[in-house]
Structures are given as structure tokens and as C-alpha cells.
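This is run.txt (compact mmCIF, C-alpha atoms and all ligand atoms).
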```txt
# COMPACT_ATOMS: atom_id res chain seq x y z
CA MET K 7 -18.15 -48.96 48.11
CA PRO K 8 -18.15 -45.35 46.87
CA LYS K 9 -21.25 -44.26 45.01
CA VAL K 10 -20.94 -41.80 42.15
CA THR K 11 -23.62 -40.12 40.04
CA ILE K 12 -22.73 -39.18 36.47
CA ASP K 13 -25.24 -37.20 34.41
CA GLY K 14 -27.98 -38.43 36.77
CA HIS K 15 -27.00 -42.14 36.60
CA SER K 16 -25.73 -43.62 39.87
CA ILE K 17 -23.40 -46.57 40.35
CA GLU K 18 -21.42 -48.11 43.20
CA VAL K 19 -17.84 -48.89 42.28
CA ALA K 20 -14.73 -50.31 43.91
CA GLU K 21 -12.38 -48.01 45.79
CA GLY K 22 -9.80 -46.50 43.42
CA THR K 23 -12.09 -46.48 40.37
CA THR K 24 -11.73 -43.42 38.18
CA ILE K 25 -14.67 -41.33 36.95
CA LEU K 26 -13.99 -42.55 33.40
CA GLN K 27 -14.07 -46.23 34.44
CA ALA K 28 -17.29 -45.65 36.42
CA ALA K 29 -18.84 -43.85 33.43
CA ARG K 30 -17.94 -46.76 31.15
CA MET K 31 -19.58 -49.16 33.61
CA ILE K 32 -22.80 -47.13 33.30
CA GLY K 33 -22.57 -47.01 29.51
CA PRO K 34 -21.77 -44.92 26.44
CA GLU K 35 -24.57 -42.46 27.20
CA VAL K 36 -22.44 -40.94 29.98
CA ALA K 37 -18.88 -42.07 29.10
CA PRO K 38 -16.64 -39.18 27.98
CA PRO K 39 -14.45 -39.57 24.89
CA ALA K 40 -10.89 -40.73 25.64
CA MET K 41 -8.12 -40.25 23.10
CA CYS K 42 -5.17 -41.22 25.29
CA TYR K 43 -6.48 -43.42 28.12
CA TYR K 44 -6.28 -47.15 27.32
CA SER K 45 -7.36 -49.45 30.11
CA LYS K 46 -4.92 -52.20 29.07
CA LEU K 47 -1.89 -49.90 29.24
CA LYS K 48 -0.65 -48.88 32.66
CA THR K 49 -0.16 -45.13 33.32
CA SER K 50 -2.02 -44.19 30.14
CA GLY K 51 -4.31 -41.17 30.26
CA GLY K 52 -3.82 -37.59 31.35
CA TYR K 53 -2.42 -36.28 28.07
CA CYS K 54 -5.28 -35.32 25.75
CA ARG K 55 -7.90 -33.70 28.02
CA THR K 56 -10.83 -34.89 25.90
CA CYS K 57 -12.28 -36.71 28.92
CA ILE K 58 -12.70 -33.56 31.04
CA VAL K 59 -15.82 -33.46 33.23
CA LYS K 60 -17.30 -31.20 35.87
CA VAL K 61 -17.41 -32.43 39.47
CA SER K 62 -20.40 -30.53 40.82
CA LYS K 63 -20.19 -32.24 44.24
CA GLY K 64 -16.88 -33.55 45.55
CA SER K 65 -18.25 -36.15 47.99
CA ASP K 66 -20.73 -36.58 50.84
CA LYS K 67 -17.99 -35.59 53.30
CA ASP K 68 -16.96 -32.50 51.36
CA PRO K 69 -19.76 -31.50 48.98
CA ARG K 70 -17.94 -28.50 47.51
CA PRO K 71 -17.62 -28.64 43.70
CA MET K 72 -14.12 -29.01 42.27
CA PRO K 73 -12.95 -25.56 41.16
CA LYS K 74 -11.91 -26.62 37.63
CA LEU K 75 -12.92 -29.26 35.12
CA VAL K 76 -10.97 -32.47 35.77
CA PRO K 77 -9.72 -35.29 33.52
CA ALA K 78 -12.10 -38.21 34.16
CA CYS K 79 -9.37 -40.77 33.43
CA ARG K 80 -7.14 -39.47 36.22
CA THR K 81 -9.69 -38.52 38.91
CA MET K 82 -10.79 -41.09 41.47
CA VAL K 83 -14.38 -41.45 42.49
CA MET K 84 -15.31 -40.36 46.06
CA ASP K 85 -18.40 -41.52 47.92
CA GLY K 86 -21.33 -39.27 47.05
CA MET K 87 -19.52 -37.56 44.15
CA GLU K 88 -21.70 -35.99 41.46
CA VAL K 89 -20.29 -35.52 37.97
CA LEU K 90 -21.62 -33.73 34.91
CA ASN K 91 -20.46 -34.72 31.46
CA PHE K 92 -22.78 -34.38 28.46
CA THR K 93 -25.31 -32.48 30.60
CA SER K 94 -22.85 -29.64 31.32
CA PRO K 95 -22.66 -26.74 28.82
CA GLU K 96 -19.30 -25.82 30.40
CA VAL K 97 -17.86 -29.28 29.64
CA LYS K 98 -19.20 -29.19 26.09
CA GLU K 99 -17.63 -25.78 25.49
CA ALA K 100 -14.29 -26.86 26.97
CA ARG K 101 -14.28 -30.08 24.95
CA LYS K 102 -14.82 -28.02 21.82
CA GLY K 103 -11.71 -26.05 22.77
CA VAL K 104 -9.70 -29.24 23.36
CA THR K 105 -10.81 -30.56 19.98
CA GLU K 106 -9.82 -27.30 18.32
CA PHE K 107 -6.35 -27.59 19.86
CA LEU K 108 -6.00 -31.22 18.79
CA LEU K 109 -6.87 -30.20 15.25
CA LEU K 110 -4.68 -27.09 15.24
CA ASN K 111 -1.80 -28.92 13.60
CA HIS K 112 -3.71 -31.87 12.25
CA PRO K 113 -3.87 -32.25 8.46
CA LEU K 114 -7.44 -33.65 8.47
CA ASP K 115 -6.58 -35.48 5.26
CA CYS K 116 -9.27 -38.09 5.92
CA PRO K 117 -9.95 -38.81 2.21
CA ILE K 118 -6.45 -40.28 1.87
CA CYS K 119 -6.03 -41.53 5.44
CA ASP K 120 -6.28 -45.26 6.13
CA GLN K 121 -7.77 -44.60 9.56
CA ALA K 122 -10.88 -42.96 8.08
CA GLY K 123 -14.00 -44.82 9.09
CA GLU K 124 -12.50 -46.06 12.36
CA CYS K 125 -10.80 -42.90 13.61
CA HIS K 126 -11.53 -41.59 17.08
CA LEU K 127 -10.39 -38.11 16.10
CA GLN K 128 -12.90 -38.08 13.25
CA ASP K 129 -15.66 -38.97 15.71
CA LEU K 130 -14.44 -36.36 18.18
CA SER K 131 -14.31 -33.69 15.46
CA TYR K 132 -17.75 -34.63 14.21
CA GLU K 133 -19.23 -34.38 17.68
CA ASN K 134 -17.26 -31.43 19.06
CA GLY K 135 -15.42 -29.74 16.22
CA SER K 136 -16.15 -26.55 14.40
CA ALA K 137 -16.79 -26.44 10.65
CA LYS K 138 -14.21 -23.65 10.30
CA THR K 139 -10.69 -23.15 11.54
CA ARG K 140 -9.67 -19.94 13.31
CA THR K 141 -5.97 -20.26 12.59
CA ASP K 142 -4.04 -18.95 9.60
CA PHE K 143 -0.70 -20.38 10.72
CA GLU K 144 1.01 -23.07 8.74
CA ARG K 145 0.52 -26.54 10.18
CA ARG K 146 3.59 -28.33 11.44
CA THR K 147 5.12 -30.91 9.14
CA PHE K 148 7.76 -33.59 9.67
CA ASN K 149 10.25 -35.39 7.54
CA LYS K 150 8.99 -38.86 6.72
CA LEU K 151 10.63 -41.60 8.75
CA ASN K 152 11.10 -45.09 7.51
CA VAL K 153 10.02 -47.37 10.32
CA GLY K 154 10.27 -50.75 8.67
CA ASN K 155 8.32 -52.92 6.29
CA HIS K 156 5.10 -53.19 8.24
CA ILE K 157 4.28 -49.89 9.91
CA GLN K 158 3.89 -46.43 8.38
CA LEU K 159 4.43 -43.43 10.65
CA HIS K 160 2.72 -40.15 9.71
CA MET K 161 3.89 -37.77 12.42
CA THR K 162 1.66 -35.00 11.04
CA ARG K 163 -1.39 -36.95 12.21
CA CYS K 164 -0.01 -37.82 15.65
CA ILE K 165 -1.89 -36.30 18.60
CA LEU K 166 0.81 -37.32 21.11
CA CYS K 167 -1.43 -39.59 23.13
CA TYR K 168 1.60 -41.71 24.21
CA ARG K 169 -0.28 -44.99 23.68
CA CYS K 170 2.34 -46.36 21.26
CA VAL K 171 5.06 -45.42 23.74
CA LYS K 172 3.23 -47.40 26.45
CA VAL K 173 2.93 -50.39 24.09
CA ALA K 174 6.65 -50.25 23.41
CA GLU K 175 7.32 -49.98 27.12
CA GLN K 176 4.87 -52.60 28.40
CA ILE K 177 4.07 -55.06 25.59
CA THR K 178 7.32 -55.25 23.65
CA ASP K 179 10.61 -56.19 25.27
CA GLY K 180 11.82 -52.72 26.07
CA ARG K 181 11.06 -49.13 25.29
CA VAL K 182 13.35 -47.60 22.73
CA HIS K 183 11.20 -44.69 21.69
CA GLY K 184 9.36 -41.88 23.37
CA VAL K 185 8.19 -38.33 22.90
CA MET K 186 10.92 -35.74 22.42
CA ASN K 187 10.68 -31.95 22.67
CA ARG K 188 7.72 -29.93 23.86
CA GLY K 189 4.71 -28.04 22.55
CA ASP K 190 4.22 -28.08 18.80
CA HIS K 191 7.79 -29.40 18.38
CA ALA K 192 6.96 -32.58 20.30
CA GLU K 193 7.30 -35.77 18.30
CA ILE K 194 7.60 -39.50 18.66
CA SER K 195 11.36 -39.94 18.66
CA THR K 196 13.21 -41.54 15.81
CA TYR K 197 14.08 -44.45 18.08
CA ILE K 198 10.65 -45.79 17.18
CA GLU K 199 12.49 -47.48 14.31
CA GLN K 200 14.11 -49.86 16.77
CA ALA K 201 10.88 -50.69 18.63
CA ILE K 202 9.29 -51.57 15.32
CA ASP K 203 11.50 -54.66 15.00
CA ASN K 204 9.89 -56.25 18.03
CA ASP K 205 7.45 -59.11 17.42
CA PHE K 206 4.62 -57.25 19.20
CA SER K 207 5.17 -53.86 17.58
CA GLY K 208 2.09 -54.19 15.35
CA ASN K 209 -0.07 -53.51 18.41
CA MET K 210 1.00 -49.89 18.14
CA ILE K 211 -1.20 -49.71 15.05
CA ASP K 212 -4.18 -51.03 16.99
CA VAL K 213 -3.80 -48.63 19.92
CA CYS K 214 -3.10 -45.52 17.83
CA PRO K 215 -6.40 -43.59 17.89
CA VAL K 216 -5.60 -41.77 14.64
CA GLY K 217 -3.90 -42.51 11.33
CA ALA K 218 -0.37 -41.77 12.58
CA LEU K 219 0.62 -45.45 12.74
CA THR K 220 -0.94 -47.57 10.03
CA ASP K 221 -0.44 -51.04 8.56
CA LYS K 222 1.78 -50.85 5.46
CA THR K 223 0.43 -54.18 4.25
CA PHE K 224 -3.10 -52.67 4.13
CA ARG K 225 -2.35 -49.09 3.08
CA PHE K 226 -4.40 -47.78 0.18
CA LYS K 227 -5.75 -51.25 -0.61
CA SER K 228 -9.34 -50.41 0.30
CA ARG K 229 -11.50 -48.15 2.42
CA VAL K 230 -12.32 -50.01 5.61
CA TRP K 231 -16.09 -49.81 4.95
CA PHE K 232 -15.66 -51.82 1.75
CA THR K 233 -14.13 -54.72 3.66
CA LYS K 234 -15.91 -57.56 5.45
CA PRO K 235 -14.72 -58.16 9.03
CA VAL K 236 -14.77 -61.77 10.22
CA ASP K 237 -13.74 -63.14 13.64
CA ALA K 238 -11.11 -65.88 13.49
CA HIS K 239 -8.51 -67.54 15.68
CA ARG K 240 -5.48 -69.80 15.43
CA ASN K 241 -3.26 -71.61 17.89
CA CYS K 242 -0.37 -69.22 17.92
CA ASP K 243 2.70 -70.55 19.66
CA HIS K 244 3.80 -67.10 20.85
CA PRO K 245 3.16 -67.17 24.62
CA LYS K 246 1.87 -63.59 24.78
CA CYS K 247 -0.29 -63.68 21.61
CA SER K 248 -4.04 -64.23 22.01
CA GLY K 249 -4.37 -65.59 18.46
CA LYS K 250 -7.87 -64.04 18.36
CA VAL K 251 -8.22 -61.62 15.48
CA VAL K 252 -10.47 -59.94 12.97
CA LEU K 253 -9.79 -60.78 9.33
CA TRP K 254 -10.77 -57.94 7.01
CA TYR K 255 -11.78 -59.51 3.71
CA GLN K 256 -12.25 -58.13 0.25
CA LYS K 257 -13.75 -60.90 -1.83
CA GLU K 258 -11.58 -63.90 -0.84
CA GLU K 259 -8.50 -61.90 -0.01
CA VAL K 260 -7.60 -61.08 3.58
CA LEU K 261 -6.48 -57.47 3.29
CA ARG K 262 -5.47 -57.05 6.90
CA VAL K 263 -5.50 -58.72 10.28
CA THR K 264 -6.16 -56.78 13.48
CA GLY K 265 -6.83 -57.45 17.14
CA ARG K 266 -10.46 -57.49 18.23
CA LYS K 267 -11.68 -54.16 19.55
CA ASP K 268 -14.38 -53.59 22.14
CA GLN K 269 -16.92 -50.76 22.22
CA TRP K 270 -14.28 -48.34 23.54
CA GLY K 271 -11.92 -49.08 20.65
CA GLU K 272 -9.55 -51.10 22.86
CA VAL K 273 -8.44 -54.69 22.27
CA GLU K 274 -10.87 -57.04 23.91
CA ASP K 275 -10.13 -58.81 27.19
CA LEU K 276 -9.52 -62.55 27.06
CA PRO K 277 -11.52 -64.85 29.37
CA ASP K 278 -8.51 -64.91 31.77
CA GLY K 279 -8.66 -61.10 32.03
CA LYS K 280 -5.51 -60.47 29.94
CA ALA K 281 -5.62 -58.09 26.99
CA GLY K 282 -6.02 -59.74 23.58
CA PHE K 283 -2.93 -58.30 21.89
CA ILE K 284 -1.60 -60.24 18.89
CA CYS K 285 1.91 -60.91 17.58
CA ASN K 286 3.34 -59.66 14.29
CA THR K 287 3.28 -63.15 12.76
CA CYS K 288 -0.52 -63.37 13.16
CA ARG K 289 -0.94 -59.77 12.02
CA PHE K 290 1.37 -59.55 9.04
CA ASP K 291 2.21 -63.09 7.90
CA LYS K 292 -1.04 -65.04 8.17
CA LYS K 293 -3.14 -63.66 5.35
CA GLN K 294 -4.61 -66.92 4.06
CA THR K 295 -8.06 -68.11 5.14
CA SER K 296 -6.50 -71.57 5.61
CA ASP K 297 -4.27 -70.11 8.36
CA TRP K 298 -7.35 -69.47 10.51
CA THR K 299 -10.37 -71.08 12.12
CA ILE K 300 -13.25 -68.86 11.05
CA GLU K 301 -15.74 -68.04 13.81
CA GLY K 302 -18.19 -65.82 11.94
CA PRO K 303 -18.92 -62.26 10.90
CA ARG K 304 -17.76 -59.61 13.33
CA HIS K 305 -20.44 -57.64 15.15
CA ILE K 306 -20.15 -54.02 14.07
CA ASP K 307 -21.99 -51.24 15.87
CA ARG K 308 -24.67 -49.86 13.59
CA HIS K 309 -23.40 -46.32 14.20
CA SER K 310 -20.13 -47.23 12.50
CA VAL K 311 -19.73 -46.59 8.79
CA ILE K 312 -18.26 -50.12 8.59
CA SER K 313 -21.74 -51.49 9.31
CA SER K 314 -22.97 -50.33 5.90
CA ASN K 315 -23.64 -53.42 3.80
CA HIS K 316 -22.59 -55.56 6.74
CA TYR K 317 -24.04 -59.02 6.47
CA GLU K 318 -24.03 -60.61 9.92
CA HIS K 319 -27.85 -60.67 10.15
CA MET K 320 -27.97 -62.89 7.06
CA VAL K 321 -26.20 -65.85 8.65
CA LYS K 322 -27.52 -68.14 11.37
CA PRO K 323 -24.68 -69.32 13.64
CA LYS K 324 -25.36 -73.04 13.09
CA GLU K 325 -25.14 -72.55 9.33
CA LEU K 326 -21.84 -70.80 9.67
CA THR K 327 -19.08 -72.43 7.67
CA ILE K 328 -16.56 -70.99 5.29
CA ASN K 329 -18.82 -72.14 2.45
CA THR K 330 -21.80 -70.15 3.75
CA ILE K 331 -19.87 -66.97 4.38
CA LYS K 332 -17.83 -67.15 1.18
CA PRO K 333 -20.61 -65.87 -1.11
CA LEU K 334 -21.37 -63.11 1.41
CA ILE K 335 -17.75 -62.02 1.50
CA GLU K 336 -17.76 -61.90 -2.28
CA SER K 337 -21.01 -59.89 -2.46
S1 LIG L 401 -6.24 -39.40 11.61
FE1 LIG L 401 -8.48 -39.38 11.54
S2 LIG L 401 -9.04 -37.20 11.48
FE2 LIG L 401 -6.86 -37.39 10.93
S3 LIG L 401 -6.78 -37.50 8.71
FE3 LIG L 401 -6.85 -39.61 9.45
S4 LIG L 401 -9.04 -40.14 9.50
FE4 LIG L 401 -8.91 -37.91 9.35
S1 LIG L 402 1.73 -42.22 16.94
FE1 LIG L 402 -0.44 -42.64 17.46
S2 LIG L 402 -0.31 -43.85 19.34
FE2 LIG L 402 1.67 -42.85 19.09
S3 LIG L 402 1.51 -40.94 20.26
FE3 LIG L 402 0.97 -40.48 18.13
S4 LIG L 402 -1.26 -40.65 18.08
FE4 LIG L 402 -0.57 -41.69 19.92
S1 LIG L 403 -8.42 -39.72 28.05
FE1 LIG L 403 -8.24 -38.54 29.87
S2 LIG L 403 -6.74 -37.08 29.37
FE2 LIG L 403 -6.86 -38.30 27.59
```

Would you write out, as C-alpha cells, the structure that this file holds?
Amino acid sequence: MPKVTIDGHSIEVAEGTTILQAARMIGPEVAPPAMCYYSKLKTSGGYCRTCIVKVSKGSDKDPRPMPKLVPACRTMVMDGMEVLNFTSPEVKEARKGVTEFLLLNHPLDCPICDQAGECHLQDLSYENGSAKTRTDFERRTFNKLNVGNHIQLHMTRCILCYRCVKVAEQITDGRVHGVMNRGDHAEISTYIEQAIDNDFSGNMIDVCPVGALTDKTFRFKSRVWFTKPVDAHRNCDHPKCSGKVVLWYQKEEVLRVTGRKDQWGEVEDLPDGKAGFICNTCRFDKKQTSDWTIEGPRHIDRHSVISSNHYEHMVKPKELTINTIKPLIES
């Protein structure tokens, strides 16, 4: 098995593992940010360049460093490879440049954006962005597209990561949208309207790393950090739906339903190894507590703004019933 060392941490991984996957196996202290790679979507990655790393030693057989920084999500590990991520000033500088480019046309309207508080671009900007912009040019804008009753598309916030295109291609019944044009004219094509009708289209909201695709049924109802996330499940009869969700409560009202995300912001794996995507019925039509079997408060990383006033430490699992969590949801 090839052995790779990333920022001084070594791990042996299976043949064909990418640097990004190996870094995630070691942990978040070495894992580069990834705005377009999504492990549950085939052929994702290679678009955003936020995961770039320096390969300071190619392998034991050929120890020469790679001449340029490489995308960690698209570069396979070789035996003896040594990689620098957060420990490389060159990588940090380049990632700042990538972030600046991603923000070049981005409105950064976080105060009115429903993704705020759970936005990967916000995190990336906070960690790698500059306080000032160096461009005076007008940012690109798009005509608003109506993409149905459930999903709002804000093209101005799109970073063209292609994840929603991969969802349409691989999770729904057939791809009817994609990215048209090039450079700063590139946009998710208007055919997205047709993909939106599919009963798995809501997963595009979950995979979108920014506020370009948001849930119309939740828009402007609350900031996410004022809601109380609770794990729940139901026996959904859709064969591809996991039925495992997070209910986002405000008092007794379920404001939105989402898939369950792991520490990388991706939907969690099910015990059988499949991805826990959910159908539109579970996401948009089941907004009553009585529709669900409540499992308990969702674990939220303490670094997330959503963890403020989070109450999971107040409940012992054996005391967990809807009656015990009800007063906490209302608090
Ligand atoms: S997508 Fe993220 S960075 Fe952009 S406006 Fe929304 S919250 Fe802010
Ligand atoms: S709409 Fe979202 S998921 Fe789709 S390409 Fe743009 S940023 Fe990515
Ligand atoms: S995550 Fe590797 S290029 Fe986007």
C-alpha cells in the first residue's frame, strides 16, 4: 500500500487514493478545503483549485518534487510521496489568489444570503481572503430565473463548482442542465428548470457549497443559527431516499428539512455505504413533527456558528423523547 506524508503526518492508503482523500483520512488538520470535489459524486473535483497542494517529493522511486502546485482532489498518491499543505507558504499564497478569483464576481451579500452560517465560501474567505478587493470592475449579474416552487437559483453567487450538474446527471433521472459559455460568461444553463422537476432535485441545494441554490420553503424565514437542528428519520417508500434527515426547528415549527452532512459538508454515508440523499417529498412536504421519528439533537461542531445556544449537552439520550426536547426547542 502506498505511504504518503502530508504536513508531517504519514498514512498508508489503498492504491488509487487521491491526496485529498488521504488527507481527510488523517484529519481536518491537514485536509485542504474543497469547494467542488464531492466524494459521493463521480467525476467531481478539478474545477475550483482551492485544494491545491505542493508535492515536495514525488515518490520513493522518483523523489523529484512536482514542478507546480497540484489539485489534491485529482492527484493520486504514490508510495513515498511527501505533500505540503498548510505548512507551505507557497500553497497559502496561491490559495489566497484562488480565493480572490472566486470572489472576483461574487456579491458577498452574506447578510441577506440564506447560506450564511453554513457557507463554505464564507469559511474559505475568512481563512484565505483579503479584507479589501483589488478590482474596480463591475461584478457580473444575471437575469433571475424561475426554477420552480422549491428551489431558488442566484446565479450571481454561483462559483461553477459543477456539483449540481453532477447531481442532475447521477442522482436524478437524466441531466438536462449544465454549464454554458466560458470564463466570466459561464453559467448554469437555463435547462436547470427541467431538472428541478425531478423528485431528487432538492439534493442540489444540499451539495451547493454557496447560496446559489437555496430552499424556497426556508428562504428568509430565519438565520440558520437561530434554528435548532434535530436528527429524525421516516420510512420513505422512495427506493433511493435514505429517509434520514435533519429537521431545523424554530419553536415547534419545522422550518426546513435537509440531508445529514458530515464533517466535510457532504451528505453522510448510510451503513450500506450508499450516500444518504433524500427525496423531495421528505425535504419539502414533510414539515410536521408527526411525520418523523425524532432521534435527538444534531451534533454540531463547536466551531460552527450554529453551535451557539445549541442544547445537545443538556439532554441525556435515555431521557430523549419529544416531550423532553420540546421545551429546549422552544427556548
Ligand atoms: S454564498 Fe456564502 S459568501 Fe456568498 S453571499 Fe452567501 S453566505 Fe456570503
Ligand atoms: S449552482 Fe451551486 S452547485 Fe451548481 S455550480 Fe453553482 S455553486 Fe456549484
Ligand atoms: S476541490 Fe479540488 S479542484 Fe476543487

Students should find that atom CA of K:Cys57 and atom CA of K:Leu159 are spaced 25.7 Å

Report, in Å to a single decimal, how far apart atom CA of K:Asp190 and atom CA of K:Thr139 are.
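Here the two named atoms are 17.3 Å from each other.
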
For the atom pair atom CA of K:Met210 and atom CA of K:Arg289, what is the interatomic distance in Å to one decimal place?
11.8 Å

Neighbour residues at most 10 Å from (-3.3, -49.6, 5.9) (all atoms listed in the file) as a list in words
Cys119, Asp120, Gln121, His156, Ile157, Gln158, Ile211, Gly217, Leu219, Thr220, Asp221, Lys222, Thr223, Phe224, Arg225, Phe226, Lys227, Ser228, Arg229, Val230, Leu261 and Arg262 of chain K

Mind listing the residues within 6 Å of ligand LIG 403 (chain L), all atoms listed in the file counted, as a compact mmCIF listing (two decimals) with C-alpha atoms, keeping the file's coordinate frame?
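Now in result_2.txt:
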```
# COMPACT_ATOMS: atom_id res chain seq x y z
CA ALA K 40 -10.89 -40.73 25.64
CA MET K 41 -8.12 -40.25 23.10
CA CYS K 42 -5.17 -41.22 25.29
CA TYR K 43 -6.48 -43.42 28.12
CA GLY K 51 -4.31 -41.17 30.26
CA GLY K 52 -3.82 -37.59 31.35
CA TYR K 53 -2.42 -36.28 28.07
CA CYS K 54 -5.28 -35.32 25.75
CA ARG K 55 -7.90 -33.70 28.02
CA THR K 56 -10.83 -34.89 25.90
CA CYS K 57 -12.28 -36.71 28.92
CA PRO K 77 -9.72 -35.29 33.52
CA ALA K 78 -12.10 -38.21 34.16
CA CYS K 79 -9.37 -40.77 33.43
```

Nearby residues (only C-alpha atoms) at most 8 Å from stretch 249-256 of chain K, same-chain spacing under 2 positions excluded, as an NGL selection string:
:K and (232-242 or 247 or 258-266 or 282 or 284-285 or 288 or 304 or 335-336)

Can you tell me which residues sit at most 10 Å away from ligand LIG 401 (chain L), counting all atoms listed in the file, written as an mmCIF file with C-alpha atoms, in the frame of the given file?
```cif
data_model
loop_
_atom_site.group_PDB
_atom_site.id
_atom_site.type_symbol
_atom_site.label_atom_id
_atom_site.label_comp_id
_atom_site.auth_asym_id
_atom_site.auth_seq_id
_atom_site.Cartn_x
_atom_site.Cartn_y
_atom_site.Cartn_z
ATOM 1 C CA LEU K 108 -6.000 -31.220 18.790
ATOM 2 C CA LEU K 109 -6.870 -30.200 15.250
ATOM 3 C CA HIS K 112 -3.710 -31.870 12.250
ATOM 4 C CA PRO K 113 -3.870 -32.250 8.460
ATOM 5 C CA LEU K 114 -7.440 -33.650 8.470
ATOM 6 C CA ASP K 115 -6.580 -35.480 5.260
ATOM 7 C CA CYS K 116 -9.270 -38.090 5.920
ATOM 8 C CA PRO K 117 -9.950 -38.810 2.210
ATOM 9 C CA ILE K 118 -6.450 -40.280 1.870
ATOM 10 C CA CYS K 119 -6.030 -41.530 5.440
ATOM 11 C CA ASP K 120 -6.280 -45.260 6.130
ATOM 12 C CA GLN K 121 -7.770 -44.600 9.560
ATOM 13 C CA ALA K 122 -10.880 -42.960 8.080
ATOM 14 C CA GLY K 123 -14.000 -44.820 9.090
ATOM 15 C CA GLU K 124 -12.500 -46.060 12.360
ATOM 16 C CA CYS K 125 -10.800 -42.900 13.610
ATOM 17 C CA HIS K 126 -11.530 -41.590 17.080
ATOM 18 C CA LEU K 127 -10.390 -38.110 16.100
ATOM 19 C CA GLN K 128 -12.900 -38.080 13.250
ATOM 20 C CA ASP K 129 -15.660 -38.970 15.710
ATOM 21 C CA LEU K 130 -14.440 -36.360 18.180
ATOM 22 C CA SER K 131 -14.310 -33.690 15.460
ATOM 23 C CA TYR K 132 -17.750 -34.630 14.210
ATOM 24 C CA HIS K 160 2.720 -40.150 9.710
ATOM 25 C CA THR K 162 1.660 -35.000 11.040
ATOM 26 C CA ARG K 163 -1.390 -36.950 12.210
ATOM 27 C CA CYS K 164 -0.010 -37.820 15.650
ATOM 28 C CA ILE K 165 -1.890 -36.300 18.600
ATOM 29 C CA CYS K 214 -3.100 -45.520 17.830
ATOM 30 C CA PRO K 215 -6.400 -43.590 17.890
ATOM 31 C CA VAL K 216 -5.600 -41.770 14.640
ATOM 32 C CA GLY K 217 -3.900 -42.510 11.330
ATOM 33 C CA ALA K 218 -0.370 -41.770 12.580
ATOM 34 C CA LEU K 219 0.620 -45.450 12.740
ATOM 35 C CA THR K 220 -0.940 -47.570 10.030
#
```

Will you model N, CA and C atoms for stretch 260-272 of chain K and pass it back as a compact mmCIF listing (two decimals), keeping the file's coordinate frame?
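Saved result, rebuild-v7.txt, follows:
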```txt
# COMPACT_ATOMS: atom_id res chain seq x y z
N VAL K 260 -7.71 -61.73 2.27
CA VAL K 260 -7.60 -61.08 3.58
C VAL K 260 -6.70 -59.87 3.40
N LEU K 261 -7.28 -58.67 3.51
CA LEU K 261 -6.48 -57.47 3.29
C LEU K 261 -5.66 -57.10 4.52
N ARG K 262 -6.25 -57.33 5.68
CA ARG K 262 -5.47 -57.05 6.90
C ARG K 262 -6.00 -57.89 8.04
N VAL K 263 -5.15 -57.99 9.07
CA VAL K 263 -5.50 -58.72 10.28
C VAL K 263 -5.30 -57.75 11.44
N THR K 264 -6.29 -57.66 12.31
CA THR K 264 -6.16 -56.78 13.48
C THR K 264 -6.57 -57.53 14.73
N GLY K 265 -6.27 -56.94 15.89
CA GLY K 265 -6.83 -57.45 17.14
C GLY K 265 -8.32 -57.15 17.15
N ARG K 266 -9.02 -57.74 18.12
CA ARG K 266 -10.46 -57.49 18.23
C ARG K 266 -10.69 -56.32 19.18
N LYS K 267 -11.47 -55.35 18.72
CA LYS K 267 -11.68 -54.16 19.55
C LYS K 267 -13.05 -54.21 20.22
N ASP K 268 -13.10 -53.66 21.44
CA ASP K 268 -14.38 -53.59 22.14
C ASP K 268 -15.08 -52.26 21.83
N GLN K 269 -16.15 -51.96 22.54
CA GLN K 269 -16.92 -50.76 22.22
C GLN K 269 -16.18 -49.46 22.49
N TRP K 270 -15.06 -49.55 23.26
CA TRP K 270 -14.28 -48.34 23.54
C TRP K 270 -13.10 -48.23 22.58
N GLY K 271 -13.02 -49.14 21.62
CA GLY K 271 -11.92 -49.08 20.65
C GLY K 271 -10.65 -49.70 21.18
N GLU K 272 -10.73 -50.44 22.29
CA GLU K 272 -9.55 -51.10 22.86
C GLU K 272 -9.59 -52.59 22.53
```
